[in-house]
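Peer 1: Got a file for you: data34.txt, compact mmCIF, C-alpha atoms.
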```
# COMPACT_ATOMS: atom_id res chain seq x y z
CA MET A 1 -39.21 68.67 -67.59
CA HIS A 2 -37.28 66.18 -65.52
CA GLY A 3 -38.20 64.82 -62.14
CA TYR A 4 -35.44 66.64 -60.33
CA SER A 5 -36.91 70.00 -61.29
CA LEU A 6 -39.00 69.74 -58.14
CA ASP A 7 -35.97 69.81 -55.85
CA LYS A 8 -33.93 71.98 -58.17
CA GLU A 9 -33.15 74.79 -55.74
CA ALA A 10 -32.16 72.40 -52.96
CA LEU A 11 -29.95 70.48 -55.41
CA GLN A 12 -28.29 73.67 -56.59
CA ARG A 13 -27.59 74.78 -53.03
CA ARG A 14 -25.97 71.40 -52.39
CA MET A 15 -23.90 71.61 -55.59
CA ASN A 16 -22.80 75.14 -54.67
CA ARG A 17 -21.66 73.85 -51.30
CA VAL A 18 -19.78 70.98 -53.00
CA GLU A 19 -18.11 73.50 -55.34
CA GLY A 20 -17.01 75.53 -52.29
CA GLN A 21 -15.66 72.39 -50.63
CA VAL A 22 -13.71 71.42 -53.75
CA ARG A 23 -12.18 74.91 -53.92
CA GLY A 24 -11.36 74.55 -50.21
CA ILE A 25 -9.51 71.29 -50.89
CA ALA A 26 -7.52 72.88 -53.72
CA ARG A 27 -6.55 75.67 -51.30
CA MET A 28 -5.59 73.16 -48.59
CA ILE A 29 -3.20 71.48 -51.06
CA ASP A 30 -1.90 74.92 -52.04
CA ASP A 31 -1.20 75.69 -48.37
CA ASP A 32 0.56 72.35 -47.78
CA ARG A 33 -2.07 71.37 -45.25
CA TYR A 34 -1.78 68.02 -43.49
CA CYS A 35 -2.68 65.09 -45.82
CA ILE A 36 -5.07 63.48 -43.35
CA ASP A 37 -7.10 66.70 -43.10
CA VAL A 38 -7.27 66.92 -46.89
CA LEU A 39 -8.40 63.27 -47.05
CA THR A 40 -11.14 63.97 -44.50
CA GLN A 41 -12.42 66.82 -46.68
CA ILE A 42 -12.33 64.64 -49.80
CA ALA A 43 -14.39 61.96 -48.00
CA ALA A 44 -16.91 64.67 -47.04
CA VAL A 45 -17.24 65.85 -50.66
CA THR A 46 -17.56 62.28 -51.93
CA SER A 47 -20.38 61.64 -49.44
CA ALA A 48 -22.12 64.89 -50.40
CA LEU A 49 -21.95 63.98 -54.12
CA GLU A 50 -23.18 60.47 -53.40
CA SER A 51 -26.10 61.94 -51.54
CA VAL A 52 -26.97 64.26 -54.46
CA ALA A 53 -26.73 61.25 -56.80
CA LEU A 54 -29.10 59.19 -54.63
CA THR A 55 -31.61 62.07 -54.57
CA LEU A 56 -31.43 62.37 -58.38
CA LEU A 57 -31.84 58.63 -58.74
CA ASP A 58 -34.91 58.58 -56.45
CA ASP A 59 -36.50 61.34 -58.51
CA HIS A 60 -35.56 59.56 -61.72
CA LEU A 61 -37.20 56.30 -60.56
CA GLY A 62 -40.26 58.19 -59.29
CA HIS A 63 -40.74 60.16 -62.51
CA CYS A 64 -39.00 59.09 -65.74
CA VAL A 65 -38.91 55.36 -64.92
CA THR A 66 -42.44 55.39 -63.47
CA ASP A 67 -43.75 57.11 -66.63
CA ALA A 68 -41.92 54.61 -68.83
CA ILE A 69 -43.37 51.69 -66.86
CA HIS A 70 -46.87 53.07 -67.40
CA GLU A 71 -46.10 53.30 -71.10
CA GLY A 72 -44.85 49.70 -70.91
CA GLY A 73 -43.13 47.55 -73.54
CA ASP A 74 -39.73 48.50 -74.92
CA THR A 75 -39.84 51.97 -73.36
CA ALA A 76 -40.20 50.49 -69.86
CA GLU A 77 -37.50 47.93 -70.52
CA ALA A 78 -35.08 50.51 -71.91
CA LYS A 79 -35.55 52.90 -68.96
CA LEU A 80 -35.14 50.09 -66.42
CA LYS A 81 -31.95 48.94 -68.13
CA GLU A 82 -30.61 52.48 -68.18
CA ALA A 83 -31.44 52.99 -64.48
CA SER A 84 -29.75 49.67 -63.70
CA GLY A 85 -26.56 50.89 -65.40
CA ALA A 86 -26.65 54.14 -63.43
CA ILE A 87 -27.09 52.26 -60.13
CA ARG A 88 -24.19 49.98 -61.08
CA ARG A 89 -21.91 52.98 -61.75
CA LEU A 90 -22.95 54.55 -58.42
CA VAL A 91 -22.27 51.36 -56.45
CA ARG A 92 -18.90 50.87 -58.15
CA SER A 93 -17.70 54.49 -58.11
CA MET B 1 6.70 70.19 -45.92
CA HIS B 2 4.26 67.39 -46.55
CA GLY B 3 4.78 64.44 -48.83
CA TYR B 4 2.30 65.61 -51.41
CA SER B 5 4.34 68.72 -52.08
CA LEU B 6 6.21 66.65 -54.63
CA ASP B 7 3.15 66.14 -56.79
CA LYS B 8 1.59 69.45 -55.88
CA GLU B 9 1.18 70.84 -59.38
CA ALA B 10 -0.31 67.63 -60.71
CA LEU B 11 -2.70 67.48 -57.74
CA GLN B 12 -3.77 71.07 -58.30
CA ARG B 13 -4.41 70.45 -61.98
CA ARG B 14 -6.58 67.50 -60.99
CA MET B 15 -8.47 69.53 -58.37
CA ASN B 16 -9.02 72.32 -60.91
CA ARG B 17 -10.47 69.78 -63.30
CA VAL B 18 -12.73 68.44 -60.50
CA GLU B 19 -13.87 71.99 -59.74
CA GLY B 20 -14.75 72.49 -63.42
CA GLN B 21 -16.65 69.19 -63.44
CA VAL B 22 -18.61 70.18 -60.31
CA ARG B 23 -19.54 73.51 -61.91
CA GLY B 24 -20.55 71.58 -65.02
CA ILE B 25 -22.89 69.37 -62.95
CA ALA B 26 -24.48 72.45 -61.30
CA ARG B 27 -25.05 73.85 -64.81
CA MET B 28 -26.54 70.54 -66.03
CA ILE B 29 -29.07 70.66 -63.15
CA ASP B 30 -29.75 74.31 -63.99
CA ASP B 31 -30.45 73.34 -67.62
CA ASP B 32 -32.76 70.44 -66.61
CA ARG B 33 -30.44 67.97 -68.27
CA TYR B 34 -31.33 64.29 -68.22
CA CYS B 35 -30.84 62.72 -64.73
CA ILE B 36 -28.85 59.77 -66.03
CA ASP B 37 -26.33 62.09 -67.71
CA VAL B 38 -25.97 64.05 -64.46
CA LEU B 39 -25.44 60.80 -62.54
CA THR B 40 -22.73 59.74 -65.00
CA GLN B 41 -20.91 63.04 -64.40
CA ILE B 42 -21.23 62.65 -60.61
CA ALA B 43 -19.73 59.15 -60.82
CA ALA B 44 -16.83 60.61 -62.85
CA VAL B 45 -16.16 63.32 -60.22
CA THR B 46 -16.39 60.78 -57.38
CA SER B 47 -13.81 58.57 -59.15
CA ALA B 48 -11.54 61.56 -59.79
CA LEU B 49 -11.69 62.58 -56.10
CA GLU B 50 -11.09 59.00 -55.00
CA SER B 51 -8.04 58.89 -57.22
CA VAL B 52 -6.68 62.15 -55.74
CA ALA B 53 -7.31 60.71 -52.25
CA LEU B 54 -5.42 57.51 -53.08
CA THR B 55 -2.46 59.55 -54.40
CA LEU B 56 -2.42 61.66 -51.22
CA LEU B 57 -2.61 58.52 -49.09
CA ASP B 58 0.29 56.89 -50.96
CA ASP B 59 2.40 59.98 -50.41
CA HIS B 60 1.33 60.12 -46.77
CA LEU B 61 2.36 56.50 -46.18
CA GLY B 62 5.62 57.02 -48.07
CA HIS B 63 6.57 60.18 -46.17
CA CYS B 64 4.82 61.06 -42.88
CA VAL B 65 4.09 57.48 -41.83
CA THR B 66 7.51 56.23 -42.97
CA ASP B 67 9.22 59.00 -40.96
CA ALA B 68 7.10 58.19 -37.90
CA ILE B 69 7.96 54.49 -38.19
CA HIS B 70 11.66 55.37 -38.25
CA GLU B 71 11.12 57.46 -35.13
CA GLY B 72 9.29 54.47 -33.61
CA GLY B 73 7.34 54.14 -30.35
CA ASP B 74 4.20 56.18 -29.75
CA THR B 75 4.82 58.42 -32.77
CA ALA B 76 4.77 55.43 -35.11
CA GLU B 77 1.73 53.96 -33.43
CA ALA B 78 -0.19 57.26 -33.53
CA LYS B 79 0.54 57.83 -37.22
CA LEU B 80 -0.43 54.27 -38.14
CA LYS B 81 -3.69 54.62 -36.21
CA GLU B 82 -4.42 57.92 -37.91
CA ALA B 83 -3.69 56.47 -41.37
CA SER B 84 -5.94 53.50 -40.54
CA GLY B 85 -8.79 55.90 -39.76
CA ALA B 86 -8.27 57.74 -43.04
CA ILE B 87 -8.28 54.48 -45.02
CA ARG B 88 -11.47 53.42 -43.21
CA ARG B 89 -13.20 56.70 -44.15
CA LEU B 90 -12.07 56.31 -47.77
CA VAL B 91 -13.33 52.73 -48.01
CA ARG B 92 -16.67 53.66 -46.43
CA SER B 93 -17.25 56.97 -48.22
CA MET C 1 4.51 34.66 -39.00
CA HIS C 2 2.21 37.32 -40.28
CA GLY C 3 0.85 40.27 -38.37
CA TYR C 4 -2.66 38.98 -38.32
CA SER C 5 -1.62 35.93 -36.32
CA LEU C 6 -2.20 38.07 -33.23
CA ASP C 7 -5.92 38.43 -33.88
CA LYS C 8 -6.24 35.08 -35.59
CA GLU C 9 -8.99 33.62 -33.40
CA ALA C 10 -11.09 36.77 -33.56
CA LEU C 11 -10.65 36.87 -37.36
CA GLN C 12 -11.68 33.24 -37.66
CA ARG C 13 -14.78 33.78 -35.56
CA ARG C 14 -15.69 36.67 -37.85
CA MET C 15 -15.07 34.61 -40.99
CA ASN C 16 -17.18 31.77 -39.55
CA ARG C 17 -19.99 34.24 -38.96
CA VAL C 18 -19.62 35.54 -42.54
CA GLU C 19 -19.77 31.95 -43.84
CA GLY C 20 -22.99 31.40 -41.87
CA GLN C 21 -24.44 34.62 -43.26
CA VAL C 22 -23.55 33.62 -46.83
CA ARG C 23 -25.23 30.23 -46.33
CA GLY C 24 -28.23 32.10 -44.91
CA ILE C 25 -28.44 34.24 -48.05
CA ALA C 26 -28.30 31.16 -50.30
CA ARG C 27 -31.16 29.68 -48.24
CA MET C 28 -33.18 32.92 -48.48
CA ILE C 29 -32.88 32.76 -52.29
CA ASP C 30 -33.86 29.08 -52.15
CA ASP C 31 -36.97 29.96 -50.12
CA ASP C 32 -37.96 32.81 -52.51
CA ARG C 33 -37.59 35.33 -49.72
CA TYR C 34 -38.30 38.98 -50.43
CA CYS C 35 -35.53 40.60 -52.55
CA ILE C 36 -35.14 43.60 -50.26
CA ASP C 37 -34.48 41.35 -47.25
CA VAL C 38 -31.87 39.42 -49.24
CA LEU C 39 -30.25 42.73 -50.27
CA THR C 40 -30.13 43.83 -46.62
CA GLN C 41 -28.31 40.62 -45.71
CA ILE C 42 -25.85 41.03 -48.60
CA ALA C 43 -25.07 44.59 -47.43
CA ALA C 44 -24.44 43.18 -43.91
CA VAL C 45 -21.99 40.55 -45.25
CA THR C 46 -20.22 43.11 -47.44
CA SER C 47 -19.75 45.38 -44.40
CA ALA C 48 -18.50 42.47 -42.28
CA LEU C 49 -15.96 41.48 -44.97
CA GLU C 50 -14.86 45.09 -45.37
CA SER C 51 -14.31 45.26 -41.64
CA VAL C 52 -12.18 42.08 -41.68
CA ALA C 53 -10.20 43.54 -44.59
CA LEU C 54 -9.55 46.79 -42.71
CA THR C 55 -8.35 44.82 -39.65
CA LEU C 56 -6.00 42.76 -41.83
CA LEU C 57 -4.73 45.92 -43.51
CA ASP C 58 -4.05 47.62 -40.15
CA ASP C 59 -2.08 44.60 -38.99
CA HIS C 60 -0.25 44.47 -42.32
CA LEU C 61 0.79 48.13 -42.06
CA GLY C 62 1.77 47.69 -38.40
CA HIS C 63 3.88 44.60 -39.03
CA CYS C 64 5.01 43.69 -42.57
CA VAL C 65 5.13 47.25 -43.88
CA THR C 66 6.68 48.60 -40.65
CA ASP C 67 9.41 45.92 -40.81
CA ALA C 68 10.05 46.70 -44.49
CA ILE C 69 10.34 50.43 -43.72
CA HIS C 70 12.94 49.68 -41.05
CA GLU C 71 14.83 47.60 -43.61
CA GLY C 72 14.53 50.54 -46.02
CA GLY C 73 15.47 50.88 -49.70
CA ASP C 74 13.77 48.74 -52.32
CA THR C 75 12.11 46.47 -49.72
CA ALA C 76 10.32 49.44 -48.15
CA GLU C 77 9.32 50.83 -51.53
CA ALA C 78 8.02 47.47 -52.76
CA LYS C 79 5.92 46.87 -49.63
CA LEU C 80 4.47 50.39 -49.72
CA LYS C 81 3.56 49.96 -53.39
CA GLU C 82 1.95 46.62 -52.66
CA ALA C 83 -0.04 48.04 -49.73
CA SER C 84 -1.12 50.94 -51.94
CA GLY C 85 -2.50 48.49 -54.51
CA ALA C 86 -4.42 46.59 -51.79
CA ILE C 87 -5.93 49.84 -50.45
CA ARG C 88 -6.92 50.81 -54.01
CA ARG C 89 -8.70 47.47 -54.52
CA LEU C 90 -10.50 47.85 -51.18
CA VAL C 91 -11.67 51.38 -51.97
CA ARG C 92 -12.85 50.37 -55.44
CA SER C 93 -14.46 47.02 -54.53
CA MET D 1 -43.25 34.42 -56.54
CA HIS D 2 -40.46 36.96 -56.54
CA GLY D 3 -38.71 38.34 -59.56
CA TYR D 4 -35.45 36.60 -58.86
CA SER D 5 -37.07 33.18 -59.23
CA LEU D 6 -36.27 33.49 -62.92
CA ASP D 7 -32.54 33.49 -62.33
CA LYS D 8 -32.69 31.35 -59.23
CA GLU D 9 -30.33 28.61 -60.34
CA ALA D 10 -27.74 31.06 -61.61
CA LEU D 11 -27.99 33.01 -58.35
CA GLN D 12 -27.55 29.87 -56.31
CA ARG D 13 -24.50 28.83 -58.30
CA ARG D 14 -23.04 32.26 -57.63
CA MET D 15 -23.83 32.08 -53.90
CA ASN D 16 -22.29 28.59 -53.71
CA ARG D 17 -19.15 29.98 -55.30
CA VAL D 18 -19.14 32.87 -52.79
CA GLU D 19 -19.54 30.38 -49.94
CA GLY D 20 -16.54 28.42 -51.25
CA GLN D 21 -14.52 31.63 -51.51
CA VAL D 22 -15.41 32.61 -47.93
CA ARG D 23 -14.33 29.18 -46.69
CA GLY D 24 -11.12 29.61 -48.71
CA ILE D 25 -10.42 32.93 -46.96
CA ALA D 26 -10.98 31.36 -43.52
CA ARG D 27 -8.50 28.65 -44.51
CA MET D 28 -5.97 31.21 -45.75
CA ILE D 29 -6.11 32.94 -42.35
CA ASP D 30 -5.77 29.55 -40.67
CA ASP D 31 -2.65 28.84 -42.75
CA ASP D 32 -1.11 32.26 -41.98
CA ARG D 33 -1.17 33.18 -45.64
CA TYR D 34 0.16 36.53 -46.73
CA CYS D 35 -2.22 39.42 -45.78
CA ILE D 36 -2.19 40.96 -49.23
CA ASP D 37 -3.34 37.69 -50.80
CA VAL D 38 -6.16 37.41 -48.25
CA LEU D 39 -7.17 41.02 -49.00
CA THR D 40 -7.27 40.26 -52.73
CA GLN D 41 -9.62 37.33 -52.07
CA ILE D 42 -11.84 39.48 -49.84
CA ALA D 43 -12.09 42.11 -52.60
CA ALA D 44 -13.09 39.33 -55.03
CA VAL D 45 -15.86 38.10 -52.70
CA THR D 46 -17.10 41.64 -52.07
CA SER D 47 -17.32 42.23 -55.84
CA ALA D 48 -19.13 38.91 -56.36
CA LEU D 49 -21.69 39.77 -53.65
CA GLU D 50 -22.15 43.25 -55.07
CA SER D 51 -22.81 41.72 -58.45
CA VAL D 52 -25.44 39.33 -56.99
CA ALA D 53 -27.03 42.30 -55.20
CA LEU D 54 -27.20 44.32 -58.44
CA THR D 55 -28.84 41.37 -60.24
CA LEU D 56 -31.41 41.00 -57.44
CA LEU D 57 -32.07 44.73 -57.53
CA ASP D 58 -32.59 44.71 -61.33
CA ASP D 59 -35.08 41.88 -60.98
CA HIS D 60 -36.78 43.66 -58.08
CA LEU D 61 -37.20 46.86 -60.11
CA GLY D 62 -38.36 44.90 -63.16
CA HIS D 63 -40.96 42.87 -61.22
CA CYS D 64 -42.08 43.96 -57.73
CA VAL D 65 -41.54 47.68 -58.30
CA THR D 66 -42.99 47.56 -61.83
CA ASP D 67 -46.10 45.76 -60.53
CA ALA D 68 -46.48 48.29 -57.72
CA ILE D 69 -46.17 51.18 -60.18
CA HIS D 70 -48.95 49.68 -62.28
CA GLU D 71 -51.04 49.41 -59.14
CA GLY D 72 -50.18 53.05 -58.42
CA GLY D 73 -50.92 55.23 -55.37
CA ASP D 74 -49.47 54.37 -51.97
CA THR D 75 -48.34 50.92 -53.11
CA ALA D 76 -46.14 52.44 -55.82
CA GLU D 77 -44.81 55.09 -53.47
CA ALA D 78 -44.03 52.57 -50.72
CA LYS D 79 -42.17 50.21 -53.09
CA LEU D 80 -40.17 53.06 -54.63
CA LYS D 81 -39.19 54.29 -51.16
CA GLU D 82 -38.18 50.80 -50.11
CA ALA D 83 -36.10 50.31 -53.29
CA SER D 84 -34.47 53.69 -52.68
CA GLY D 85 -33.41 52.55 -49.19
CA ALA D 86 -31.94 49.33 -50.59
CA ILE D 87 -29.96 51.24 -53.25
CA ARG D 88 -28.69 53.61 -50.54
CA ARG D 89 -27.46 50.68 -48.41
CA LEU D 90 -25.77 49.12 -51.46
CA VAL D 91 -24.00 52.35 -52.41
CA ARG D 92 -22.86 52.94 -48.83
CA SER D 93 -21.86 49.36 -47.93
```
Could I get this structure in the form of structure tokens?
Peer 2:
Amino acid sequence: MHGYSLDKEALQRRMNRVEGQVRGIARMIDDDRYCIDVLTQIAAVTSALESVALTLLDDHLGHCVTDAIHEGGDTAEAKLKEASGAIRRLVRS
Amino acid sequence: MHGYSLDKEALQRRMNRVEGQVRGIARMIDDDRYCIDVLTQIAAVTSALESVALTLLDDHLGHCVTDAIHEGGDTAEAKLKEASGAIRRLVRS
Amino acid sequence: MHGYSLDKEALQRRMNRVEGQVRGIARMIDDDRYCIDVLTQIAAVTSALESVALTLLDDHLGHCVTDAIHEGGDTAEAKLKEASGAIRRLVRS
Amino acid sequence: MHGYSLDKEALQRRMNRVEGQVRGIARMIDDDRYCIDVLTQIAAVTSALESVALTLLDDHLGHCVTDAIHEGGDTAEAKLKEASGAIRRLVRS
């Protein structure tokens, strides 16, 4: 059971909303809507996804990484290194 | 007819792929998949959306903004200011 | 004469402030200051640099790129492609 | 003693390089150098600072946050919340 199970319903509602927004963008392109309006929608989706990612990361640090740190040794080190990589990808994406 | 009409099919294929990826992420959360794997998928979607946004922006500069600059005066200034705002939102999102 | 010559003094004041902030961060590391405080300062510098970059880009679009578009043909295309690359680097950095 | 003390010399070398780069950018503006070249340098500095921030964050998670998690309770929670805020600012800056 992963940490994010706690917020699972809220996360799913947010992902459903993102899915609706992405479909909306596809439709805007279909309808030849003004580029700037499409770009505004894309920035909104990107922010929403970033926010979901930050929530998942918080839960991950508070559960999986915390458990690994209590276990200590290589397990702790491996989880911290993995979390570091995920943060790096988030910052750079 | 907006600039992005030229690449419309390619853009739609990319948005369809993004929609599939977003549905995949919702399913991963549903299946309690490992947080780090979900985060990796979110970073992939964010990059894909960013790339669509940059394509739209290129087309916008090459068509709408270019036309406005040829028209000159307030039209040019307004379009440049609007494009500047869109770039700002992209950089900050 | 480049576009940014117009705002040159303001830009230089901002770069001087950034230089001071960077020196401040080096000193914080020297003094073993708390990581989170150092990170907050780095985020402030990154935002300040991003803001300078967006100002430069606005001026570039409003001057160099606008002139190239009036000239038309390959010159316009080359300048638009170059600006597109710079925007891409800004969004991704 | 903070976590980053371990890498202190390397961090300082990197901050000195950043300081030199920032001074170089100020000089480029002074010399009316081409906007696109200035933007490229700004993107390089932003990436360098981001990389320093990620190193500091790794050390922070591996030391301060790890210690707090061993201590447990409110201390752990407070440190995790603080780290979360720092990651958020990094992702958004």
Peer 1: Contacts of range 84-92 of chain A at 8 Å or less, counting all atoms listed in the file, minus same-chain residues fewer than 4 places along, as a PyMOL selection string?
Peer 2: (chain A and resi 50+53+80) or (chain B and resi 36+39-40+43) or (chain C and resi 92-93) or (chain D and resi 54+58+87+90-92)
Peer 1: Set the distance at 8 Å and use all atoms listed in the file: which residues neighbour Val18 in chain B once local chain neighbours fewer than 6 positions away are removed? I'd like the list as a short mmCIF file (atom, residue, chain, number, x, y, z; two decimals) with C-alpha atoms, in the frame of the given file.
Peer 2:
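As written to disk, out15.cif reads:
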```cif
data_model
loop_
_atom_site.label_atom_id
_atom_site.label_comp_id
_atom_site.auth_asym_id
_atom_site.auth_seq_id
_atom_site.Cartn_x
_atom_site.Cartn_y
_atom_site.Cartn_z
CA VAL A 22 -13.71 71.42 -53.75
CA VAL B 45 -16.16 63.32 -60.22
CA ALA B 48 -11.54 61.56 -59.79
CA LEU B 49 -11.69 62.58 -56.10
#
```
Peer 1: Superposition of chain A onto chain B by least squares over all sequentially paired C-alpha atoms; the transformed chain is requested as an mmCIF file with C-alpha atoms, in the frame of the given file.
Peer 2:
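Result file superposed-v2.cif:
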```
data_model
loop_
_atom_site.group_PDB
_atom_site.id
_atom_site.type_symbol
_atom_site.label_atom_id
_atom_site.label_comp_id
_atom_site.auth_asym_id
_atom_site.auth_seq_id
_atom_site.Cartn_x
_atom_site.Cartn_y
_atom_site.Cartn_z
ATOM 1 C CA MET A 1 6.673 70.202 -45.816
ATOM 2 C CA HIS A 2 4.274 67.382 -46.524
ATOM 3 C CA GLY A 3 4.813 64.445 -48.805
ATOM 4 C CA TYR A 4 2.313 65.606 -51.375
ATOM 5 C CA SER A 5 4.353 68.724 -52.075
ATOM 6 C CA LEU A 6 6.235 66.654 -54.631
ATOM 7 C CA ASP A 7 3.161 66.120 -56.799
ATOM 8 C CA LYS A 8 1.606 69.435 -55.881
ATOM 9 C CA GLU A 9 1.193 70.831 -59.387
ATOM 10 C CA ALA A 10 -0.294 67.604 -60.728
ATOM 11 C CA LEU A 11 -2.681 67.478 -57.751
ATOM 12 C CA GLN A 12 -3.744 71.067 -58.305
ATOM 13 C CA ARG A 13 -4.405 70.443 -61.989
ATOM 14 C CA ARG A 14 -6.583 67.485 -61.005
ATOM 15 C CA MET A 15 -8.451 69.533 -58.380
ATOM 16 C CA ASN A 16 -8.996 72.323 -60.917
ATOM 17 C CA ARG A 17 -10.476 69.789 -63.307
ATOM 18 C CA VAL A 18 -12.726 68.431 -60.522
ATOM 19 C CA GLU A 19 -13.858 71.997 -59.739
ATOM 20 C CA GLY A 20 -14.741 72.476 -63.430
ATOM 21 C CA GLN A 21 -16.657 69.195 -63.444
ATOM 22 C CA VAL A 22 -18.604 70.165 -60.322
ATOM 23 C CA ARG A 23 -19.533 73.511 -61.901
ATOM 24 C CA GLY A 24 -20.560 71.566 -65.020
ATOM 25 C CA ILE A 25 -22.888 69.379 -62.943
ATOM 26 C CA ALA A 26 -24.467 72.429 -61.299
ATOM 27 C CA ARG A 27 -25.070 73.843 -64.794
ATOM 28 C CA MET A 28 -26.544 70.541 -66.015
ATOM 29 C CA ILE A 29 -29.068 70.661 -63.143
ATOM 30 C CA ASP A 30 -29.744 74.312 -63.977
ATOM 31 C CA ASP A 31 -30.465 73.342 -67.595
ATOM 32 C CA ASP A 32 -32.772 70.466 -66.591
ATOM 33 C CA ARG A 33 -30.450 67.981 -68.237
ATOM 34 C CA TYR A 34 -31.360 64.296 -68.196
ATOM 35 C CA CYS A 35 -30.852 62.730 -64.716
ATOM 36 C CA ILE A 36 -28.867 59.769 -66.018
ATOM 37 C CA ASP A 37 -26.349 62.097 -67.691
ATOM 38 C CA VAL A 38 -25.983 64.066 -64.462
ATOM 39 C CA LEU A 39 -25.460 60.805 -62.533
ATOM 40 C CA THR A 40 -22.755 59.743 -64.994
ATOM 41 C CA GLN A 41 -20.933 63.034 -64.387
ATOM 42 C CA ILE A 42 -21.244 62.654 -60.612
ATOM 43 C CA ALA A 43 -19.730 59.143 -60.829
ATOM 44 C CA ALA A 44 -16.844 60.611 -62.862
ATOM 45 C CA VAL A 45 -16.170 63.302 -60.233
ATOM 46 C CA THR A 46 -16.384 60.773 -57.402
ATOM 47 C CA SER A 47 -13.817 58.569 -59.167
ATOM 48 C CA ALA A 48 -11.529 61.548 -59.804
ATOM 49 C CA LEU A 49 -11.685 62.564 -56.111
ATOM 50 C CA GLU A 50 -11.079 58.988 -55.018
ATOM 51 C CA SER A 51 -8.040 58.890 -57.232
ATOM 52 C CA VAL A 52 -6.677 62.143 -55.740
ATOM 53 C CA ALA A 53 -7.306 60.700 -52.260
ATOM 54 C CA LEU A 54 -5.401 57.497 -53.085
ATOM 55 C CA THR A 55 -2.458 59.542 -54.409
ATOM 56 C CA LEU A 56 -2.422 61.648 -51.214
ATOM 57 C CA LEU A 57 -2.615 58.523 -49.097
ATOM 58 C CA ASP A 58 0.304 56.883 -50.958
ATOM 59 C CA ASP A 59 2.411 59.988 -50.401
ATOM 60 C CA HIS A 60 1.331 60.136 -46.772
ATOM 61 C CA LEU A 61 2.364 56.499 -46.168
ATOM 62 C CA GLY A 62 5.635 57.022 -48.060
ATOM 63 C CA HIS A 63 6.569 60.180 -46.153
ATOM 64 C CA CYS A 64 4.818 61.082 -42.878
ATOM 65 C CA VAL A 65 4.083 57.485 -41.822
ATOM 66 C CA THR A 66 7.505 56.240 -42.965
ATOM 67 C CA ASP A 67 9.213 59.017 -40.958
ATOM 68 C CA ALA A 68 7.095 58.208 -37.908
ATOM 69 C CA ILE A 69 7.961 54.509 -38.186
ATOM 70 C CA HIS A 70 11.660 55.383 -38.226
ATOM 71 C CA GLU A 71 11.098 57.473 -35.119
ATOM 72 C CA GLY A 72 9.268 54.479 -33.620
ATOM 73 C CA GLY A 73 7.334 54.159 -30.356
ATOM 74 C CA ASP A 74 4.198 56.196 -29.737
ATOM 75 C CA THR A 75 4.807 58.430 -32.757
ATOM 76 C CA ALA A 76 4.769 55.424 -35.109
ATOM 77 C CA GLU A 77 1.718 53.972 -33.419
ATOM 78 C CA ALA A 78 -0.185 57.260 -33.529
ATOM 79 C CA LYS A 79 0.542 57.840 -37.239
ATOM 80 C CA LEU A 80 -0.431 54.269 -38.145
ATOM 81 C CA LYS A 81 -3.690 54.616 -36.226
ATOM 82 C CA GLU A 82 -4.429 57.917 -37.926
ATOM 83 C CA ALA A 83 -3.686 56.456 -41.384
ATOM 84 C CA SER A 84 -5.929 53.495 -40.554
ATOM 85 C CA GLY A 85 -8.800 55.883 -39.774
ATOM 86 C CA ALA A 86 -8.264 57.735 -43.050
ATOM 87 C CA ILE A 87 -8.280 54.466 -45.032
ATOM 88 C CA ARG A 88 -11.471 53.427 -43.229
ATOM 89 C CA ARG A 89 -13.198 56.711 -44.166
ATOM 90 C CA LEU A 90 -12.059 56.308 -47.796
ATOM 91 C CA VAL A 91 -13.336 52.726 -48.031
ATOM 92 C CA ARG A 92 -16.665 53.667 -46.443
ATOM 93 C CA SER A 93 -17.256 56.971 -48.254
#
```
Peer 1: Just give me the gap between CA of Gln21 in chain B and CA of Arg33 in chain A in Å, one decimal is fine.
Peer 2: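 These two atoms are separated by 23.4 Å.
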Peer 1: Nearest residue to Gly20 in chain B out of B:Thr66, B:Gln41, B:Ser47, B:Asp7, using only C-alpha atoms?
Peer 2: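 Closest residue, counting only C-alpha atoms: B:Gln41.
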Peer 1: By how many Å are CA of Leu57 in chain A and CA of Glu19 in chain A apart?
Peer 2: 20.5 Å
Peer 1: Here is a test: counting only C-alpha atoms, which residue of A:Ile25, A:Arg13, A:Thr46, A:Ala83 is nearest to Asp59 in chain A?
Peer 2: A:Ala83
Peer 1: Restricting the calculation to all atoms listed in the file: of B:Arg17, B:His70, B:His60, B:Lys81, which residue gets closest to Val38 in chain A?
Peer 2: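 Closest residue, counting all atoms listed in the file: B:His60.
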Peer 1: Do you have the CA of Lys79 in chain D-CA of Val65 in chain D distance handy?
Peer 2: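 Interatomic distance, CA of Lys79 in chain D to CA of Val65 in chain D: 5.8 Å.
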Peer 1: Which residue, B:Met28, B:Leu56, B:Leu61, B:Glu71, has the smallest gap to chain A when you use all atoms listed in the file?
Peer 2: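 Ranking B:Met28, B:Leu56, B:Leu61, B:Glu71 by distance to chain A, first place goes to B:Leu56.
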